[in-house]
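Engineer: Can you read through this structure? Questions will come right after.
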Amino acid sequence: MSELRDFVMPSLGADMDAGTLLEWRVKPGDRVSKGDIVAVIETDKAAVEIECFMTGAVERLIAEKGTKISVGTPMMQVRVEGDTSAKPVGQQVLQPTPTPVVAKEVAPPTPTPAATIEAGGVRASPAAKRRARALNVSLATLKGSGQDGAITIEDVEKAGRAPRRDMRGAIAALMERSKREIPHYYLAHDIDMTNALAWLEALNERVDVSERMIPAALFLKAVAVAARAVTAMNGSYAGDRFEPSANVHLGVAVSLREGGLLVPAIHDVDKKTPREVMSALSDVVERARRGMLRGSELTDATLTVTNLGEAGADTVYGVIFPPQVAIVGLGRVTERPAAVEGKVAVRSFVTATVAADHRASDGHLGARFLAAIERALQAPEAL
Amino acid sequence: MTKLNYREALRDGLRDALVREPRAFLMGLDVGRYGGTYAVSRGLLEELGPERVRDTPLSESAFVGAGIGAAIGGLLPIVEIMTVNFSLLALDQIMNNAATLRHMTGGQLAVPLVIRMTTGAGRQLAAQHSHSLEGWYAHIPGLRILAPATVEDARGMLWTALMDPDPVLIFEHAALFGLEAELEGAVTPVDIDHAKIRRAGKHVSLVTYGGTLHKTLAAAETLAKDGIDAEVIDLRSLRPLDTETIIASVKKTRRAVIIDEGWRSGSLSAEISARVMEQAFYDLDAPVERVCTAEVPIPYAKQLEEAALPQPETIVQAARKTVGTHV
């Protein structure tokens, strides 16, 4: 038994309403399984490899390379075998961001002919289209000034002169929404890192340079362990209630050299060893900077960590990435005088903060969460 | 420098060719004693004699056919036809003989013939004397089609055409005969292989030829007042078309308006538009616009005739449309 299903443009974030198809990775006749990468699309933020969410054979590619496709618009048809009683595809697609806010902002997945026409029908001159490809400017975001509103080469060049403006705009919209909708509360706690750093140093001495770990890996693992203990920090706020997540996928804020930032997720950090976290972190940071993240990595985070590292400030209070409910901020590790067993000693400290959604939790839970991070960092060998 | 009008320039070119080249002679209706319907050959019969300037009976087919025969026989005939409308009577000779004989004889016969005729409207001569059919002739392989739009080209094109080993048709626009310009004294042959940029510009390419060149240049001046810098291309040769010059210009300006006094459907302007699409598609920033003659027999009434023809205002309008809100 088989059935023809539409594979539609997935929503890769609350702020995404369309993507440009850069490349198909499959062709008609190919077998695809859930999780296979089928296409590369470009969002306002980055080029993203998108994964298939069904298993079957590619029947027909609908979307054309280079066109802007609205979220929910069919991109290809897949002949799905076996159980065809599963949920309609459209609903599955929106799962990563099932908040009512998303529903307002993202075009509903209505695979109507009209939507298809709109997807391929950007009114732009041939010269404008060619320049848009060269400058990596998305035509669907532009307002045309040519005949009957057609986008001209000048419109494209104007947009191209402000590189990454789309990302700036996306960040602006998301942060605005966060501060408008989420009542943040903030807590800070200084954590003594002397033992953890000594443990890390000893570990790094025993291994090859390429295997060395940085404190960020320990921080991430500690945050994941704490998120397991204080579940009110890990999940999403949707439909006027908090939904805790069964998994701990940590979003890692990666700033890009050309400005802007991406927050790819490292999956199941709580189940990884610090070394595994380290290699996942290096991988994701490298790919974020190359603009080659996978769709799920941009949508799956359940909690975000912003870690300023060596060059950063002492303390950072983050802005929550909706629909998540908390963001952990880790400042620079510094040596500070501290009272140890009645004496003043020089110890290494990091200031950990949490900005949390007051709709989902109260301050005492936030404090317990920070305390849990501290506890985890005091016993690095157990991480 | 001498001040010359288009008519005098044509006459100077003719006289120069007839004097310089003993094999050349002029033949046609009323070219001798009457001095030419448009007075182009006035005085030439008296000056050069009846061997070189020959009046013919009223039969376009006969005197064009005789010209083809003379050309095959080694002479360099210049045949004048009163207007392009009447040339249709000689179309069989032009198309089936002049244009084909080199091909059909495997190169053994050449037809080094020049046919001059007037074309175009604008003088209230109504629907049998006013059409612009040069685009039809430009359809025919084996012919070279020229359209002198300036006094200099009117004077210099004939000699170059006469030296061409194959038949050349020269279309002289009837509205240009009074056009004046300052020229250097001697007749100088002009290049007939290339279009000429009559006004350089960067925002839109206005492609035209013959009688509409001056309307187009006037339109370009109007556009300049709005800050639209138009490039004006005078095709000069309608067959072969200097596609290279057109495409280079369109690639620079990214917009094109073609101004053609012929009718729009199946016209030379359609051919140029197609070439622009074929060769500069990815450089276009707006659809190609065309300004052509309304698809009616040319009206007699002055206002209607004016309304039927391309005019500076309609050219300006079309150019503005391609430029949109830019510039």
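Residue numbering restarts at 1 for every chain of the structure tokens, chains are lettered A, B, ... in their displayed order, and ligands are numbered from 1 as they appear.
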Which residues are near Val8 of chain A? Cut-off 7 Å, only C-alpha atoms, ignore same chain within fewer than 3 positions. Put them as a list of chain:residue names.

Structural biologist: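 So the residues in contact are A:Gly72, A:Thr73, A:Pro74, A:Met75.
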
Engineer: Compute the chain A side of the contact with chain B at 6 Å, counting only C-alpha atoms, and hand it back as a PyMOL selection string.

Structural biologist: chain A and resi 125-127+145-147+152

Engineer: Output C-alpha atoms for every residue in the selection just made, as an mmCIF file, in the first residue's frame.

Structural biologist:
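So the final result, stored in result-v6.cif, reads:
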data_model
loop_
_atom_site.group_PDB
_atom_site.id
_atom_site.type_symbol
_atom_site.label_atom_id
_atom_site.label_comp_id
_atom_site.auth_asym_id
_atom_site.auth_seq_id
_atom_site.Cartn_x
_atom_site.Cartn_y
_atom_site.Cartn_z
ATOM 1 C CA SER A 125 13.730 41.212 -14.167
ATOM 2 C CA PRO A 126 16.198 38.641 -15.495
ATOM 3 C CA ALA A 127 19.052 40.992 -14.641
ATOM 4 C CA SER A 145 10.308 49.601 -8.064
ATOM 5 C CA GLY A 146 10.114 48.590 -11.730
ATOM 6 C CA GLN A 147 7.195 48.116 -14.105
ATOM 7 C CA THR A 152 14.898 45.570 -10.821
#

Engineer: Can you tell me how far atom CA of Thr302 of chain A sits from atom CA of Val325 of chain A, in Å to one decimal?

Structural biologist: 8.2 Å

Engineer: Per DSSP on the backbone, filter segment 93-323 of chain B down to the residues in strand (DSSP E or B) and report them as an NGL selection string.

Structural biologist: :B and (114-119 or 144-146 or 168-173 or 180-183 or 196-199 or 204-208 or 230-234 or 237-239 or 256-263 or 289-293)

Engineer: To one decimal place, how far is atom CA of Ala256 of chain B from atom CA of Glu221 of chain B in Å?

Structural biologist: 16.5 Å

Engineer: Excluding Pro297 of chain B and any residue of its chain fewer than 6 positions from it, enumerate the residues within 10 Å of it, using only C-alpha atoms, and give them as a PDB file with N, CA and C atoms, in the first residue's frame.

Structural biologist:
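Once everything was written out, this is result.pdb:
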ATOM      1  N   ALA B 126      -1.083  59.834 -47.990  1.00  0.00           N
ATOM      2  CA  ALA B 126      -2.097  58.787 -47.860  1.00  0.00           C
ATOM      3  C   ALA B 126      -1.560  57.364 -48.009  1.00  0.00           C
ATOM      4  N   ALA B 127      -2.507  56.432 -48.134  1.00  0.00           N
ATOM      5  CA  ALA B 127      -2.196  55.026 -47.890  1.00  0.00           C
ATOM      6  C   ALA B 127      -1.508  54.304 -49.038  1.00  0.00           C
ATOM      7  N   GLN B 128      -1.233  54.988 -50.170  1.00  0.00           N
ATOM      8  CA  GLN B 128      -0.533  54.286 -51.246  1.00  0.00           C
ATOM      9  C   GLN B 128       0.856  54.856 -51.508  1.00  0.00           C
ATOM     10  N   SER B 130       2.875  56.070 -48.551  1.00  0.00           N
ATOM     11  CA  SER B 130       3.429  56.476 -47.251  1.00  0.00           C
ATOM     12  C   SER B 130       3.947  55.337 -46.383  1.00  0.00           C
ATOM     13  N   HIS B 131       3.942  54.138 -46.906  1.00  0.00           N
ATOM     14  CA  HIS B 131       4.270  53.037 -45.998  1.00  0.00           C
ATOM     15  C   HIS B 131       5.768  52.831 -45.825  1.00  0.00           C
ATOM     16  N   TRP B 263       4.845  48.610 -39.376  1.00  0.00           N
ATOM     17  CA  TRP B 263       3.819  48.095 -38.469  1.00  0.00           C
ATOM     18  C   TRP B 263       4.449  47.111 -37.495  1.00  0.00           C
ATOM     19  N   GLU B 305      -2.719  61.041 -39.368  1.00  0.00           N
ATOM     20  CA  GLU B 305      -1.408  60.543 -39.792  1.00  0.00           C
ATOM     21  C   GLU B 305      -0.405  60.704 -38.652  1.00  0.00           C
ATOM     22  N   ALA B 308      -0.912  58.165 -36.038  1.00  0.00           N
ATOM     23  CA  ALA B 308      -0.568  56.790 -36.412  1.00  0.00           C
ATOM     24  C   ALA B 308       0.929  56.521 -36.318  1.00  0.00           C
TER      25      ALA B 308
END

Engineer: Can you list, as a PyMOL selection string, every protein, DNA or RNA residue that comes within 12 Å of Arg212 of chain A when you count only C-alpha atoms, leaving out same-chain residues fewer than 3 positions away?

Structural biologist: chain A and resi 200-209+215-218+274-279+282

Engineer: Would you return as a ChimeraX atom specification the members of segment 123-192 of chain A that DSSP assigns to alpha helix (DSSP H) on this structure's backbone?

Structural biologist: /A:126-135,153-160,165-181
